[in-house]
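Content type PDB, N, CA and C atoms, pLDDT in the B column, from the file model.pdb:
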MODEL        1
ATOM      1  N   MET A   1     272.492 -55.730 204.484  1.00 72.00           N
ATOM      2  CA  MET A   1     271.328 -56.585 204.545  1.00 72.00           C
ATOM      3  C   MET A   1     271.779 -58.049 204.488  1.00 72.00           C
ATOM      4  N   PHE A   2     271.140 -58.880 205.260  1.00 76.00           N
ATOM      5  CA  PHE A   2     271.469 -60.293 205.323  1.00 76.00           C
ATOM      6  C   PHE A   2     270.878 -61.021 204.121  1.00 76.00           C
ATOM      7  N   ASP A   3     271.719 -61.750 203.415  1.00 83.00           N
ATOM      8  CA  ASP A   3     271.280 -62.509 202.240  1.00 83.00           C
ATOM      9  C   ASP A   3     271.337 -63.998 202.567  1.00 83.00           C
ATOM     10  N   LEU A   4     270.183 -64.574 202.874  1.00 79.00           N
ATOM     11  CA  LEU A   4     270.119 -65.975 203.287  1.00 79.00           C
ATOM     12  C   LEU A   4     270.592 -66.915 202.188  1.00 79.00           C
ATOM     13  N   GLN A   5     270.225 -66.641 200.963  1.00 83.00           N
ATOM     14  CA  GLN A   5     270.586 -67.531 199.861  1.00 83.00           C
ATOM     15  C   GLN A   5     272.108 -67.621 199.710  1.00 83.00           C
ATOM     16  N   THR A   6     272.799 -66.500 199.717  1.00 87.00           N
ATOM     17  CA  THR A   6     274.260 -66.501 199.590  1.00 87.00           C
ATOM     18  C   THR A   6     274.906 -67.161 200.792  1.00 87.00           C
ATOM     19  N   ASN A   7     274.437 -66.825 201.990  1.00 85.00           N
ATOM     20  CA  ASN A   7     275.023 -67.398 203.194  1.00 85.00           C
ATOM     21  C   ASN A   7     274.778 -68.899 203.285  1.00 85.00           C
ATOM     22  N   PHE A   8     273.615 -69.349 202.854  1.00 87.00           N
ATOM     23  CA  PHE A   8     273.342 -70.781 202.904  1.00 87.00           C
ATOM     24  C   PHE A   8     274.205 -71.523 201.888  1.00 87.00           C
ATOM     25  N   LYS A   9     274.408 -70.931 200.728  1.00 90.00           N
ATOM     26  CA  LYS A   9     275.292 -71.527 199.716  1.00 90.00           C
ATOM     27  C   LYS A   9     276.709 -71.659 200.276  1.00 90.00           C
ATOM     28  N   ASP A  10     277.184 -70.627 200.950  1.00 91.00           N
ATOM     29  CA  ASP A  10     278.509 -70.675 201.583  1.00 91.00           C
ATOM     30  C   ASP A  10     278.541 -71.742 202.685  1.00 91.00           C
ATOM     31  N   PHE A  11     277.445 -71.883 203.408  1.00 89.00           N
ATOM     32  CA  PHE A  11     277.364 -72.892 204.459  1.00 89.00           C
ATOM     33  C   PHE A  11     277.451 -74.296 203.869  1.00 89.00           C
ATOM     34  N   LEU A  12     276.809 -74.518 202.733  1.00 90.00           N
ATOM     35  CA  LEU A  12     276.887 -75.826 202.085  1.00 90.00           C
ATOM     36  C   LEU A  12     278.321 -76.142 201.664  1.00 90.00           C
ATOM     37  N   GLU A  13     279.052 -75.132 201.215  1.00 92.00           N
ATOM     38  CA  GLU A  13     280.471 -75.326 200.881  1.00 92.00           C
ATOM     39  C   GLU A  13     281.270 -75.672 202.136  1.00 92.00           C
ATOM     40  N   TYR A  14     280.955 -74.995 203.230  1.00 90.00           N
ATOM     41  CA  TYR A  14     281.606 -75.269 204.507  1.00 90.00           C
ATOM     42  C   TYR A  14     281.362 -76.723 204.929  1.00 90.00           C
ATOM     43  N   LEU A  15     280.127 -77.190 204.763  1.00 89.00           N
ATOM     44  CA  LEU A  15     279.807 -78.577 205.110  1.00 89.00           C
ATOM     45  C   LEU A  15     280.586 -79.549 204.228  1.00 89.00           C
ATOM     46  N   LYS A  16     280.691 -79.213 202.953  1.00 91.00           N
ATOM     47  CA  LYS A  16     281.434 -80.061 202.030  1.00 91.00           C
ATOM     48  C   LYS A  16     282.902 -80.152 202.442  1.00 91.00           C
ATOM     49  N   ASP A  17     283.470 -79.038 202.850  1.00 92.00           N
ATOM     50  CA  ASP A  17     284.875 -79.012 203.287  1.00 92.00           C
ATOM     51  C   ASP A  17     285.090 -79.815 204.567  1.00 92.00           C
ATOM     52  N   ASN A  18     284.045 -79.991 205.363  1.00 88.00           N
ATOM     53  CA  ASN A  18     284.136 -80.698 206.641  1.00 88.00           C
ATOM     54  C   ASN A  18     283.374 -82.011 206.627  1.00 88.00           C
ATOM     55  N   ARG A  19     283.254 -82.628 205.471  1.00 88.00           N
ATOM     56  CA  ARG A  19     282.395 -83.809 205.315  1.00 88.00           C
ATOM     57  C   ARG A  19     282.822 -85.012 206.145  1.00 88.00           C
ATOM     58  N   LYS A  20     284.110 -85.193 206.405  1.00 87.00           N
ATOM     59  CA  LYS A  20     284.532 -86.346 207.210  1.00 87.00           C
ATOM     60  C   LYS A  20     284.028 -86.221 208.645  1.00 87.00           C
ATOM     61  N   ARG A  21     284.154 -85.034 209.205  1.00 84.00           N
ATOM     62  CA  ARG A  21     283.667 -84.801 210.571  1.00 84.00           C
ATOM     63  C   ARG A  21     282.144 -84.951 210.627  1.00 84.00           C
ATOM     64  N   ILE A  22     281.477 -84.422 209.631  1.00 84.00           N
ATOM     65  CA  ILE A  22     280.019 -84.457 209.591  1.00 84.00           C
ATOM     66  C   ILE A  22     279.507 -85.875 209.385  1.00 84.00           C
ATOM     67  N   ALA A  23     280.227 -86.684 208.620  1.00 83.00           N
ATOM     68  CA  ALA A  23     279.821 -88.080 208.399  1.00 83.00           C
ATOM     69  C   ALA A  23     279.771 -88.835 209.718  1.00 83.00           C
ATOM     70  N   TYR A  24     280.737 -88.593 210.591  1.00 82.00           N
ATOM     71  CA  TYR A  24     280.734 -89.265 211.895  1.00 82.00           C
ATOM     72  C   TYR A  24     279.545 -88.812 212.736  1.00 82.00           C
ATOM     73  N   ILE A  25     279.260 -87.518 212.731  1.00 81.00           N
ATOM     74  CA  ILE A  25     278.130 -86.991 213.503  1.00 81.00           C
ATOM     75  C   ILE A  25     276.816 -87.580 212.990  1.00 81.00           C
ATOM     76  N   GLN A  26     276.736 -87.788 211.693  1.00 80.00           N
ATOM     77  CA  GLN A  26     275.532 -88.375 211.111  1.00 80.00           C
ATOM     78  C   GLN A  26     275.309 -89.786 211.644  1.00 80.00           C
ATOM     79  N   LEU A  27     276.366 -90.517 211.880  1.00 82.00           N
ATOM     80  CA  LEU A  27     276.252 -91.872 212.410  1.00 82.00           C
ATOM     81  C   LEU A  27     275.705 -91.895 213.834  1.00 82.00           C
ATOM     82  N   THR A  28     275.921 -90.826 214.590  1.00 79.00           N
ATOM     83  CA  THR A  28     275.446 -90.774 215.971  1.00 79.00           C
ATOM     84  C   THR A  28     273.965 -90.421 216.073  1.00 79.00           C
ATOM     85  N   GLY A  29     273.363 -89.993 214.960  1.00 77.00           N
ATOM     86  CA  GLY A  29     271.944 -89.650 214.960  1.00 77.00           C
ATOM     87  C   GLY A  29     271.651 -88.263 215.501  1.00 77.00           C
ATOM     88  N   LYS A  30     272.656 -87.430 215.601  1.00 74.00           N
ATOM     89  CA  LYS A  30     272.479 -86.079 216.140  1.00 74.00           C
ATOM     90  C   LYS A  30     272.625 -85.019 215.060  1.00 74.00           C
ATOM     91  N   MET A  31     272.390 -85.380 213.814  1.00 80.00           N
ATOM     92  CA  MET A  31     272.666 -84.485 212.698  1.00 80.00           C
ATOM     93  C   MET A  31     271.818 -83.214 212.705  1.00 80.00           C
ATOM     94  N   GLU A  32     270.535 -83.342 212.982  1.00 78.00           N
ATOM     95  CA  GLU A  32     269.650 -82.175 212.915  1.00 78.00           C
ATOM     96  C   GLU A  32     270.083 -81.082 213.892  1.00 78.00           C
ATOM     97  N   LYS A  33     270.309 -81.465 215.133  1.00 79.00           N
ATOM     98  CA  LYS A  33     270.735 -80.480 216.134  1.00 79.00           C
ATOM     99  C   LYS A  33     272.086 -79.884 215.766  1.00 79.00           C
ATOM    100  N   PHE A  34     272.983 -80.727 215.278  1.00 82.00           N
ATOM    101  CA  PHE A  34     274.304 -80.252 214.886  1.00 82.00           C
ATOM    102  C   PHE A  34     274.213 -79.217 213.769  1.00 82.00           C
ATOM    103  N   LEU A  35     273.433 -79.507 212.724  1.00 85.00           N
ATOM    104  CA  LEU A  35     273.347 -78.600 211.587  1.00 85.00           C
ATOM    105  C   LEU A  35     272.767 -77.245 211.978  1.00 85.00           C
ATOM    106  N   VAL A  36     271.772 -77.252 212.833  1.00 83.00           N
ATOM    107  CA  VAL A  36     271.179 -75.986 213.275  1.00 83.00           C
ATOM    108  C   VAL A  36     272.210 -75.159 214.031  1.00 83.00           C
ATOM    109  N   LYS A  37     272.885 -75.780 214.983  1.00 85.00           N
ATOM    110  CA  LYS A  37     273.884 -75.054 215.774  1.00 85.00           C
ATOM    111  C   LYS A  37     275.077 -74.627 214.930  1.00 85.00           C
ATOM    112  N   GLU A  38     275.483 -75.475 214.023  1.00 87.00           N
ATOM    113  CA  GLU A  38     276.617 -75.151 213.157  1.00 87.00           C
ATOM    114  C   GLU A  38     276.275 -73.996 212.216  1.00 87.00           C
ATOM    115  N   PHE A  39     275.056 -73.975 211.699  1.00 88.00           N
ATOM    116  CA  PHE A  39     274.636 -72.873 210.837  1.00 88.00           C
ATOM    117  C   PHE A  39     274.607 -71.562 211.618  1.00 88.00           C
ATOM    118  N   CYS A  40     274.113 -71.605 212.830  1.00 87.00           N
ATOM    119  CA  CYS A  40     274.085 -70.408 213.671  1.00 87.00           C
ATOM    120  C   CYS A  40     275.498 -69.881 213.907  1.00 87.00           C
ATOM    121  N   TYR A  41     276.404 -70.772 214.245  1.00 89.00           N
ATOM    122  CA  TYR A  41     277.795 -70.370 214.484  1.00 89.00           C
ATOM    123  C   TYR A  41     278.448 -69.865 213.200  1.00 89.00           C
ATOM    124  N   PHE A  42     278.155 -70.504 212.078  1.00 90.00           N
ATOM    125  CA  PHE A  42     278.706 -70.101 210.790  1.00 90.00           C
ATOM    126  C   PHE A  42     278.294 -68.665 210.451  1.00 90.00           C
ATOM    127  N   ILE A  43     277.021 -68.356 210.622  1.00 89.00           N
ATOM    128  CA  ILE A  43     276.523 -67.001 210.335  1.00 89.00           C
ATOM    129  C   ILE A  43     277.225 -65.978 211.222  1.00 89.00           C
ATOM    130  N   TYR A  44     277.355 -66.298 212.491  1.00 88.00           N
ATOM    131  CA  TYR A  44     277.994 -65.376 213.434  1.00 88.00           C
ATOM    132  C   TYR A  44     279.461 -65.129 213.060  1.00 88.00           C
ATOM    133  N   THR A  45     280.205 -66.190 212.786  1.00 89.00           N
ATOM    134  CA  THR A  45     281.629 -66.020 212.489  1.00 89.00           C
ATOM    135  C   THR A  45     281.852 -65.397 211.113  1.00 89.00           C
ATOM    136  N   LYS A  46     281.058 -65.789 210.132  1.00 89.00           N
ATOM    137  CA  LYS A  46     281.230 -65.231 208.780  1.00 89.00           C
ATOM    138  C   LYS A  46     280.950 -63.730 208.761  1.00 89.00           C
ATOM    139  N   SER A  47     279.982 -63.309 209.543  1.00 88.00           N
ATOM    140  CA  SER A  47     279.636 -61.877 209.579  1.00 88.00           C
ATOM    141  C   SER A  47     280.486 -61.104 210.586  1.00 88.00           C
ATOM    142  N   LYS A  48     281.428 -61.793 211.230  1.00 87.00           N
ATOM    143  CA  LYS A  48     282.296 -61.185 212.252  1.00 87.00           C
ATOM    144  C   LYS A  48     281.480 -60.533 213.366  1.00 87.00           C
ATOM    145  N   GLY A  49     280.413 -61.209 213.752  1.00 85.00           N
ATOM    146  CA  GLY A  49     279.579 -60.749 214.855  1.00 85.00           C
ATOM    147  C   GLY A  49     278.500 -59.761 214.473  1.00 85.00           C
ATOM    148  N   LYS A  50     278.423 -59.381 213.209  1.00 86.00           N
ATOM    149  CA  LYS A  50     277.394 -58.433 212.774  1.00 86.00           C
ATOM    150  C   LYS A  50     275.998 -59.054 212.856  1.00 86.00           C
ATOM    151  N   TYR A  51     275.931 -60.352 212.552  1.00 86.00           N
ATOM    152  CA  TYR A  51     274.665 -61.080 212.643  1.00 86.00           C
ATOM    153  C   TYR A  51     274.809 -62.219 213.631  1.00 86.00           C
ATOM    154  N   ALA A  52     273.746 -62.465 214.344  1.00 83.00           N
ATOM    155  CA  ALA A  52     273.694 -63.591 215.270  1.00 83.00           C
ATOM    156  C   ALA A  52     272.363 -64.291 215.027  1.00 83.00           C
ATOM    157  N   THR A  53     272.158 -65.389 215.692  1.00 82.00           N
ATOM    158  CA  THR A  53     270.905 -66.119 215.517  1.00 82.00           C
ATOM    159  C   THR A  53     270.333 -66.493 216.867  1.00 82.00           C
ATOM    160  N   THR A  54     269.065 -66.690 216.871  1.00 78.00           N
ATOM    161  CA  THR A  54     268.409 -67.254 218.032  1.00 78.00           C
ATOM    162  C   THR A  54     267.594 -68.438 217.527  1.00 78.00           C
ATOM    163  N   VAL A  55     267.546 -69.487 218.324  1.00 77.00           N
ATOM    164  CA  VAL A  55     266.917 -70.733 217.883  1.00 77.00           C
ATOM    165  C   VAL A  55     265.857 -71.153 218.883  1.00 77.00           C
ATOM    166  N   ASP A  56     264.691 -71.540 218.369  1.00 69.00           N
ATOM    167  CA  ASP A  56     263.622 -72.085 219.189  1.00 69.00           C
ATOM    168  C   ASP A  56     263.415 -73.517 218.743  1.00 69.00           C
ATOM    169  N   MET A  57     263.743 -74.459 219.593  1.00 59.00           N
ATOM    170  CA  MET A  57     263.660 -75.866 219.231  1.00 59.00           C
ATOM    171  C   MET A  57     262.277 -76.469 219.494  1.00 59.00           C
ATOM    172  N   GLY A  58     261.321 -75.707 219.966  1.00 60.00           N
ATOM    173  CA  GLY A  58     259.994 -76.249 220.248  1.00 60.00           C
ATOM    174  C   GLY A  58     259.916 -76.788 221.666  1.00 60.00           C
ATOM    175  N   ARG A  59     258.795 -77.349 222.003  1.00 61.00           N
ATOM    176  CA  ARG A  59     258.588 -77.886 223.351  1.00 61.00           C
ATOM    177  C   ARG A  59     258.842 -79.381 223.363  1.00 61.00           C
ATOM    178  N   ASN A  60     259.295 -79.873 224.497  1.00 61.00           N
ATOM    179  CA  ASN A  60     259.571 -81.304 224.633  1.00 61.00           C
ATOM    180  C   ASN A  60     258.319 -82.154 224.508  1.00 61.00           C
ATOM    181  N   LYS A  61     257.166 -81.624 224.872  1.00 61.00           N
ATOM    182  CA  LYS A  61     255.926 -82.407 224.861  1.00 61.00           C
ATOM    183  C   LYS A  61     255.299 -82.491 223.475  1.00 61.00           C
ATOM    184  N   GLU A  62     255.772 -81.672 222.544  1.00 58.00           N
ATOM    185  CA  GLU A  62     255.221 -81.707 221.197  1.00 58.00           C
ATOM    186  C   GLU A  62     255.685 -82.971 220.485  1.00 58.00           C
ATOM    187  N   LYS A  63     254.793 -83.565 219.725  1.00 61.00           N
ATOM    188  CA  LYS A  63     255.166 -84.764 218.970  1.00 61.00           C
ATOM    189  C   LYS A  63     256.129 -84.409 217.844  1.00 61.00           C
ATOM    190  N   GLU A  64     255.872 -83.313 217.198  1.00 61.00           N
ATOM    191  CA  GLU A  64     256.721 -82.897 216.093  1.00 61.00           C
ATOM    192  C   GLU A  64     257.364 -81.564 216.456  1.00 61.00           C
ATOM    193  N   LYS A  65     258.670 -81.561 216.606  1.00 58.00           N
ATOM    194  CA  LYS A  65     259.366 -80.331 216.972  1.00 58.00           C
ATOM    195  C   LYS A  65     259.554 -79.446 215.752  1.00 58.00           C
ATOM    196  N   MET A  66     259.366 -78.184 215.953  1.00 60.00           N
ATOM    197  CA  MET A  66     259.585 -77.208 214.899  1.00 60.00           C
ATOM    198  C   MET A  66     260.847 -76.426 215.238  1.00 60.00           C
ATOM    199  N   ILE A  67     261.686 -76.217 214.257  1.00 55.00           N
ATOM    200  CA  ILE A  67     262.908 -75.455 214.473  1.00 55.00           C
ATOM    201  C   ILE A  67     262.755 -74.127 213.755  1.00 55.00           C
ATOM    202  N   ASP A  68     262.840 -73.057 214.494  1.00 67.00           N
ATOM    203  CA  ASP A  68     262.781 -71.717 213.942  1.00 67.00           C
ATOM    204  C   ASP A  68     264.131 -71.060 214.180  1.00 67.00           C
ATOM    205  N   ILE A  69     264.688 -70.505 213.135  1.00 70.00           N
ATOM    206  CA  ILE A  69     265.946 -69.776 213.265  1.00 70.00           C
ATOM    207  C   ILE A  69     265.676 -68.339 212.883  1.00 70.00           C
ATOM    208  N   CYS A  70     266.091 -67.437 213.733  1.00 73.00           N
ATOM    209  CA  CYS A  70     265.928 -66.019 213.482  1.00 73.00           C
ATOM    210  C   CYS A  70     267.303 -65.379 213.426  1.00 73.00           C
ATOM    211  N   VAL A  71     267.639 -64.727 212.327  1.00 72.00           N
ATOM    212  CA  VAL A  71     268.902 -64.019 212.202  1.00 72.00           C
ATOM    213  C   VAL A  71     268.664 -62.591 212.653  1.00 72.00           C
ATOM    214  N   ILE A  72     269.484 -62.139 213.590  1.00 72.00           N
ATOM    215  CA  ILE A  72     269.306 -60.802 214.145  1.00 72.00           C
ATOM    216  C   ILE A  72     270.564 -59.979 213.917  1.00 72.00           C
ATOM    217  N   ALA A  73     270.387 -58.682 213.809  1.00 73.00           N
ATOM    218  CA  ALA A  73     271.496 -57.762 213.613  1.00 73.00           C
ATOM    219  C   ALA A  73     271.438 -56.683 214.672  1.00 73.00           C
ATOM    220  N   GLY A  74     272.581 -56.124 214.984  1.00 65.00           N
ATOM    221  CA  GLY A  74     272.647 -55.061 215.970  1.00 65.00           C
ATOM    222  C   GLY A  74     273.583 -55.421 217.094  1.00 65.00           C
ATOM    223  N   GLN A  75     273.660 -54.568 218.057  1.00 61.00           N
ATOM    224  CA  GLN A  75     274.543 -54.785 219.183  1.00 61.00           C
ATOM    225  C   GLN A  75     273.850 -55.710 220.192  1.00 61.00           C
ATOM    226  N   LEU A  76     274.547 -56.768 220.548  1.00 56.00           N
ATOM    227  CA  LEU A  76     274.000 -57.719 221.499  1.00 56.00           C
ATOM    228  C   LEU A  76     274.467 -57.384 222.896  1.00 56.00           C
ATOM    229  N   VAL A  77     273.554 -57.425 223.839  1.00 45.00           N
ATOM    230  CA  VAL A  77     273.883 -57.122 225.232  1.00 45.00           C
ATOM    231  C   VAL A  77     273.588 -58.348 226.074  1.00 45.00           C
ATOM    232  N   ASN A  78     274.546 -58.783 226.870  1.00 43.00           N
ATOM    233  CA  ASN A  78     274.335 -59.940 227.739  1.00 43.00           C
ATOM    234  C   ASN A  78     273.637 -59.528 229.017  1.00 43.00           C
TER     235      ASN A  78
ENDMDL
END
Same coordinates, now as C-alpha cells:
Amino acid sequence: MFDLQTNFKDFLEYLKDNRKRIAYIQLTGKMEKFLVKEFCYFIYTKSKGKYATTVDMGRNKEKEKMIDICVIAGQLVN
C-alpha cells in the first residue's frame, strides 16, 4: 500500500539534499512545476516502478490552475 506521509517525508529529505540545485530553480520562477514533476519522478524511482503518477495541470484558460496528482499502481502499458 502506498503511504503518502512516509513518501512525502522522504521527498522533503531529498529536496534538502539537493537544495543548491533547487535554490537556482526557485530563482527562475519555475518552482511549482519543478516540484510536481520531481515528486512524480521521486515516487516512481523510489518504488522501483511499482508506483507511478499522473498529473493534471488544469486548463490554460482557467485563472487559477489546480494541480492534481494521482499515484497509480499496477502494470503500465504504453
Review point. For this file, the PyMOL selection byres (((chain A and resi 43-49 and name CA) around 10) and name CA) selects which residues, as a count of residues only?
Key: 21
Point to revise | Å distance separating atom C of A:Val55 from atom C of A:Cys70, one decimal place | key: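 Value for the atom C of A:Val55-atom C of A:Cys70 distance: 8.1 Å.
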Exercise for review: Measure the distance from atom CA of A:Tyr14 to atom N of A:Lys37 in Å and round it to one decimal.
Suggested key: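 So the two atoms, atom CA of A:Tyr14 and atom N of A:Lys37, lie 13.6 Å apart.
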Review point. DSSP says strand (DSSP E) for which residues of stretch 18-54 of chain A? Put them as a list of chain:residue names?
Key: A:Tyr51, A:Ala52, A:Thr53, A:Thr54
Exercise for review: Please measure the separation of atom CA of A:Met31 and atom CA of A:Met1, giving the value in Å to one decimal.
Suggested key: 29.1 Å
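Shortest atom-to-atom contact with A:Val36 among A:Thr6, A:Tyr24, A:Glu13, A:Thr54: A:Thr54, counting only C-alpha atoms.
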